[in-house]
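J.: What follows is a structure written as structure tokens; I'll ask about it next.
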Amino acid sequence: MKAILLGAVAALALAGAPASARVLQFTITNVGDVNDKGDFSFQIDEDRVPDIVLPAQVTYGNGTLSPRIAVTYSGVPNVGSGTVNTPITFFTSTQQGGLSFTGPAGVVELKNTVLITNTSFNTSLPRAQNKAIFQLGTFDLSTTPRNSNPVRPFDNYRVTIAAVPEPASWALMIVGFGATGFAARRRGVVKAVMA
């Protein structure tokens with residue numbers, strides 16, 4: 001009976017969120033103390049349709065088609081911490097990869113690593129067919145492009161892209177912990193009675 005009840009709760013939790021929707025957390029950290037513009041984080045729904053599509057880049061949240069993206073920042077020299085709403089542009093391999101946005105102290109542009117699996121975008125297709133497909137993991141980027149003169153310094157920023165657990169995942173995890181705790185408590189009660 002308990003197994004049926006737990007199965008029903010799990011099924012209800014899974015039905016609460018679409019399987020294809022994926023919210024991604026971007027965490028950007030200065031690791032080299034060179035050209036330090038601060039640390040940043042933001043989230044993007046991978047199903048979100050971009051506002052601007054060019055072969056070399058895609059932009060989200062330019063404010064005319066959809067709301068700007070809230071970027072939380074900390075450790076920005078002479079500014080500190082807070083949140084800024086800004087468009088975010090991701091570059092394809094034709095633009096050396098990376099991303100760009102306007103932070104509280106000016107433009108933050110990080111290059112030299114492609115964060116998306118799309119090599120370029122086809123502007124003849126509708127915007128909805130040119131959504132960026134992001135790579136998950138941790139990547140090193142630089143505030144100086146690799147073709148700069150003088151030669152760019154070492155990568156001074158690290159970007160981590162991770163999927164945010166969906167509400168259904170949290171619900172299943174809570175149910176699992178609850179079931180484990182209930183079973184452990186019940187086992188302890190049974191042992192105490194038998195002793």
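Chain labels run A, B, ... following the order of the structure tokens; each chain numbers its residues from 1, and ligands are numbered from 1 in the order shown.
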Using only C-alpha atoms, what does the table of segment 89-167 of chain A residues within 8 Å of segment 62-83 of chain A look like, with each row giving the shortest atom pair and its distance in Å to one decimal, sorted by chain and ascending number, as a tab-separated table?
T.:
residue	atom	partner	partner_atom	distance
A:Gly103	CA	A:Tyr73	CA	8.0
A:Pro104	CA	A:Val79	CA	7.3
A:Ala105	CA	A:Val79	CA	7.3
J.: List the spatial neighbours of Thr102 of chain A as a list in words - criterion: any atom at most 9 Å away, only C-alpha atoms, same-chain residues fewer than 4 positions off excluded.
T.: Val84, Asn85, Thr86, Pro87, Ile88, Gly106, Val107, Val108 and Glu109 of chain A
J.: Write the residues of the preceding selection, restricted to N, CA and C atoms, as a PDB file, in the first residue's frame.
T.:
ATOM      1  N   VAL A  84      21.645  43.970 -12.412  1.00  0.00           N
ATOM      2  CA  VAL A  84      21.412  44.826 -13.571  1.00  0.00           C
ATOM      3  C   VAL A  84      20.616  44.025 -14.595  1.00  0.00           C
ATOM      4  N   ASN A  85      19.669  44.672 -15.247  1.00  0.00           N
ATOM      5  CA  ASN A  85      18.883  44.023 -16.301  1.00  0.00           C
ATOM      6  C   ASN A  85      19.471  44.409 -17.652  1.00  0.00           C
ATOM      7  N   THR A  86      19.863  43.409 -18.438  1.00  0.00           N
ATOM      8  CA  THR A  86      20.614  43.677 -19.662  1.00  0.00           C
ATOM      9  C   THR A  86      20.393  42.588 -20.692  1.00  0.00           C
ATOM     10  N   PRO A  87      20.558  42.905 -21.968  1.00  0.00           N
ATOM     11  CA  PRO A  87      20.586  41.844 -22.983  1.00  0.00           C
ATOM     12  C   PRO A  87      21.892  41.060 -22.866  1.00  0.00           C
ATOM     13  N   ILE A  88      21.857  39.799 -23.277  1.00  0.00           N
ATOM     14  CA  ILE A  88      23.062  38.962 -23.283  1.00  0.00           C
ATOM     15  C   ILE A  88      23.223  38.366 -24.669  1.00  0.00           C
ATOM     16  N   GLY A 106      30.204  48.858 -17.305  1.00  0.00           N
ATOM     17  CA  GLY A 106      30.478  48.830 -18.735  1.00  0.00           C
ATOM     18  C   GLY A 106      30.338  47.444 -19.328  1.00  0.00           C
ATOM     19  N   VAL A 107      30.761  47.308 -20.572  1.00  0.00           N
ATOM     20  CA  VAL A 107      30.589  46.057 -21.315  1.00  0.00           C
ATOM     21  C   VAL A 107      31.527  44.982 -20.775  1.00  0.00           C
ATOM     22  N   VAL A 108      30.967  43.794 -20.569  1.00  0.00           N
ATOM     23  CA  VAL A 108      31.741  42.610 -20.196  1.00  0.00           C
ATOM     24  C   VAL A 108      31.705  41.687 -21.401  1.00  0.00           C
ATOM     25  N   GLU A 109      32.855  41.476 -22.024  1.00  0.00           N
ATOM     26  CA  GLU A 109      32.922  40.600 -23.194  1.00  0.00           C
ATOM     27  C   GLU A 109      33.984  39.548 -22.933  1.00  0.00           C
TER      28      GLU A 109
END
J.: Which is closer to Asp155 of chain A than all the others in A:Asn118, A:Thr123, A:Thr143, A:Gln135, using only C-alpha atoms?
T.: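 Distance minimum relative to Asp155 of chain A lands on A:Thr143.
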J.: If we count only C-alpha atoms, what is near Phe139 of chain A at a cut-off of 7 Å, once residues fewer than 2 positions away on the same chain are taken out, given as a list in words?
T.: Gly137, Leu141, Arg158, Val159 and Thr160 of chain A
J.: So that I can check the secondary structure, give me every residue of segment 54-152 of chain A assigned helix (DSSP H, G or I) by backbone DSSP, as a ChimeraX atom specification.
T.: /A:93-95,127-130
J.: I need the residues from that last selection saved to file as an mmCIF file, in the first residue's frame (with all heavy atoms), if you can.
T.:
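Writing done, so here's part_21.cif:
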data_model
loop_
_atom_site.group_PDB
_atom_site.id
_atom_site.type_symbol
_atom_site.label_atom_id
_atom_site.label_comp_id
_atom_site.auth_asym_id
_atom_site.auth_seq_id
_atom_site.Cartn_x
_atom_site.Cartn_y
_atom_site.Cartn_z
ATOM 1 N N SER A 93 31.226 30.201 -33.284
ATOM 2 C CA SER A 93 32.653 30.011 -33.555
ATOM 3 C C SER A 93 33.196 31.049 -34.528
ATOM 4 O O SER A 93 34.390 31.357 -34.503
ATOM 5 C CB SER A 93 32.904 28.602 -34.100
ATOM 6 O OG SER A 93 32.118 28.376 -35.257
ATOM 7 N N THR A 94 32.333 31.632 -35.369
ATOM 8 C CA THR A 94 32.812 32.651 -36.301
ATOM 9 C C THR A 94 33.200 33.948 -35.587
ATOM 10 O O THR A 94 33.845 34.795 -36.160
ATOM 11 C CB THR A 94 31.766 32.961 -37.381
ATOM 12 O OG1 THR A 94 30.568 33.412 -36.736
ATOM 13 C CG2 THR A 94 31.449 31.738 -38.215
ATOM 14 N N GLN A 95 32.777 34.076 -34.324
ATOM 15 C CA GLN A 95 33.138 35.251 -33.509
ATOM 16 C C GLN A 95 33.978 34.848 -32.311
ATOM 17 O O GLN A 95 33.953 35.505 -31.286
ATOM 18 C CB GLN A 95 31.873 35.964 -33.029
ATOM 19 C CG GLN A 95 31.231 36.864 -34.059
ATOM 20 C CD GLN A 95 31.958 38.179 -34.179
ATOM 21 O OE1 GLN A 95 33.057 38.224 -34.719
ATOM 22 N NE2 GLN A 95 31.373 39.242 -33.671
ATOM 23 N N ARG A 127 13.166 33.021 -35.915
ATOM 24 C CA ARG A 127 13.992 33.108 -34.707
ATOM 25 C C ARG A 127 13.842 31.872 -33.824
ATOM 26 O O ARG A 127 14.802 31.408 -33.222
ATOM 27 C CB ARG A 127 13.618 34.361 -33.900
ATOM 28 C CG ARG A 127 14.109 35.646 -34.498
ATOM 29 C CD ARG A 127 13.715 36.857 -33.661
ATOM 30 N NE ARG A 127 12.284 36.956 -33.447
ATOM 31 C CZ ARG A 127 11.669 36.719 -32.293
ATOM 32 N NH1 ARG A 127 12.348 36.397 -31.219
ATOM 33 N NH2 ARG A 127 10.357 36.822 -32.196
ATOM 34 N N ALA A 128 12.622 31.343 -33.745
ATOM 35 C CA ALA A 128 12.373 30.190 -32.873
ATOM 36 C C ALA A 128 13.183 28.967 -33.281
ATOM 37 O O ALA A 128 13.396 28.066 -32.472
ATOM 38 C CB ALA A 128 10.891 29.851 -32.871
ATOM 39 N N GLN A 129 13.643 28.920 -34.523
ATOM 40 C CA GLN A 129 14.452 27.789 -34.975
ATOM 41 C C GLN A 129 15.945 28.078 -34.835
ATOM 42 O O GLN A 129 16.778 27.287 -35.263
ATOM 43 C CB GLN A 129 14.108 27.449 -36.424
ATOM 44 C CG GLN A 129 12.693 26.920 -36.576
ATOM 45 C CD GLN A 129 12.360 26.593 -38.019
ATOM 46 O OE1 GLN A 129 13.220 26.207 -38.798
ATOM 47 N NE2 GLN A 129 11.088 26.750 -38.372
ATOM 48 N N ASN A 130 16.290 29.192 -34.241
ATOM 49 C CA ASN A 130 17.692 29.572 -34.047
ATOM 50 C C ASN A 130 18.027 29.760 -32.570
ATOM 51 O O ASN A 130 18.854 30.591 -32.219
ATOM 52 C CB ASN A 130 18.008 30.854 -34.822
ATOM 53 C CG ASN A 130 18.273 30.581 -36.284
ATOM 54 O OD1 ASN A 130 19.313 30.036 -36.647
ATOM 55 N ND2 ASN A 130 17.330 30.948 -37.135
#
J.: Would you kindly return, as a list in words, each protein, DNA or RNA residue with an atom no farther than 9 Å from any atom of Asn30 of chain A, considering only C-alpha atoms and excluding same-chain residues fewer than 6 positions away?
T.: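 Skipping anything fewer than 6 positions along the chain leaves Asp36, Lys37, Gly38, Asp39, Asn156, Tyr157, Arg158 and Val159 of chain A.
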J.: With N, CA and C atoms retained, write the just-selected residues as an mmCIF file, in the first residue's frame.
T.:
data_model
loop_
_atom_site.group_PDB
_atom_site.id
_atom_site.type_symbol
_atom_site.label_atom_id
_atom_site.label_comp_id
_atom_site.auth_asym_id
_atom_site.auth_seq_id
_atom_site.Cartn_x
_atom_site.Cartn_y
_atom_site.Cartn_z
ATOM 1 N N ASP A 36 39.910 42.473 -14.072
ATOM 2 C CA ASP A 36 38.797 41.996 -13.237
ATOM 3 C C ASP A 36 37.605 42.932 -13.358
ATOM 4 N N LYS A 37 36.501 42.398 -13.863
ATOM 5 C CA LYS A 37 35.267 43.173 -13.994
ATOM 6 C C LYS A 37 34.217 42.718 -12.989
ATOM 7 N N GLY A 38 34.580 41.792 -12.086
ATOM 8 C CA GLY A 38 33.657 41.276 -11.089
ATOM 9 C C GLY A 38 33.186 39.876 -11.431
ATOM 10 N N ASP A 39 32.289 39.359 -10.600
ATOM 11 C CA ASP A 39 31.688 38.040 -10.798
ATOM 12 C C ASP A 39 30.203 38.230 -11.097
ATOM 13 N N ASN A 156 41.224 34.480 -18.006
ATOM 14 C CA ASN A 156 41.064 35.091 -16.691
ATOM 15 C C ASN A 156 39.641 35.003 -16.140
ATOM 16 N N TYR A 157 38.765 34.271 -16.853
ATOM 17 C CA TYR A 157 37.402 34.065 -16.361
ATOM 18 C C TYR A 157 37.004 32.607 -16.527
ATOM 19 N N ARG A 158 36.174 32.135 -15.616
ATOM 20 C CA ARG A 158 35.646 30.782 -15.693
ATOM 21 C C ARG A 158 34.119 30.881 -15.708
ATOM 22 N N VAL A 159 33.509 30.195 -16.667
ATOM 23 C CA VAL A 159 32.054 30.188 -16.800
ATOM 24 C C VAL A 159 31.549 28.774 -16.556
#
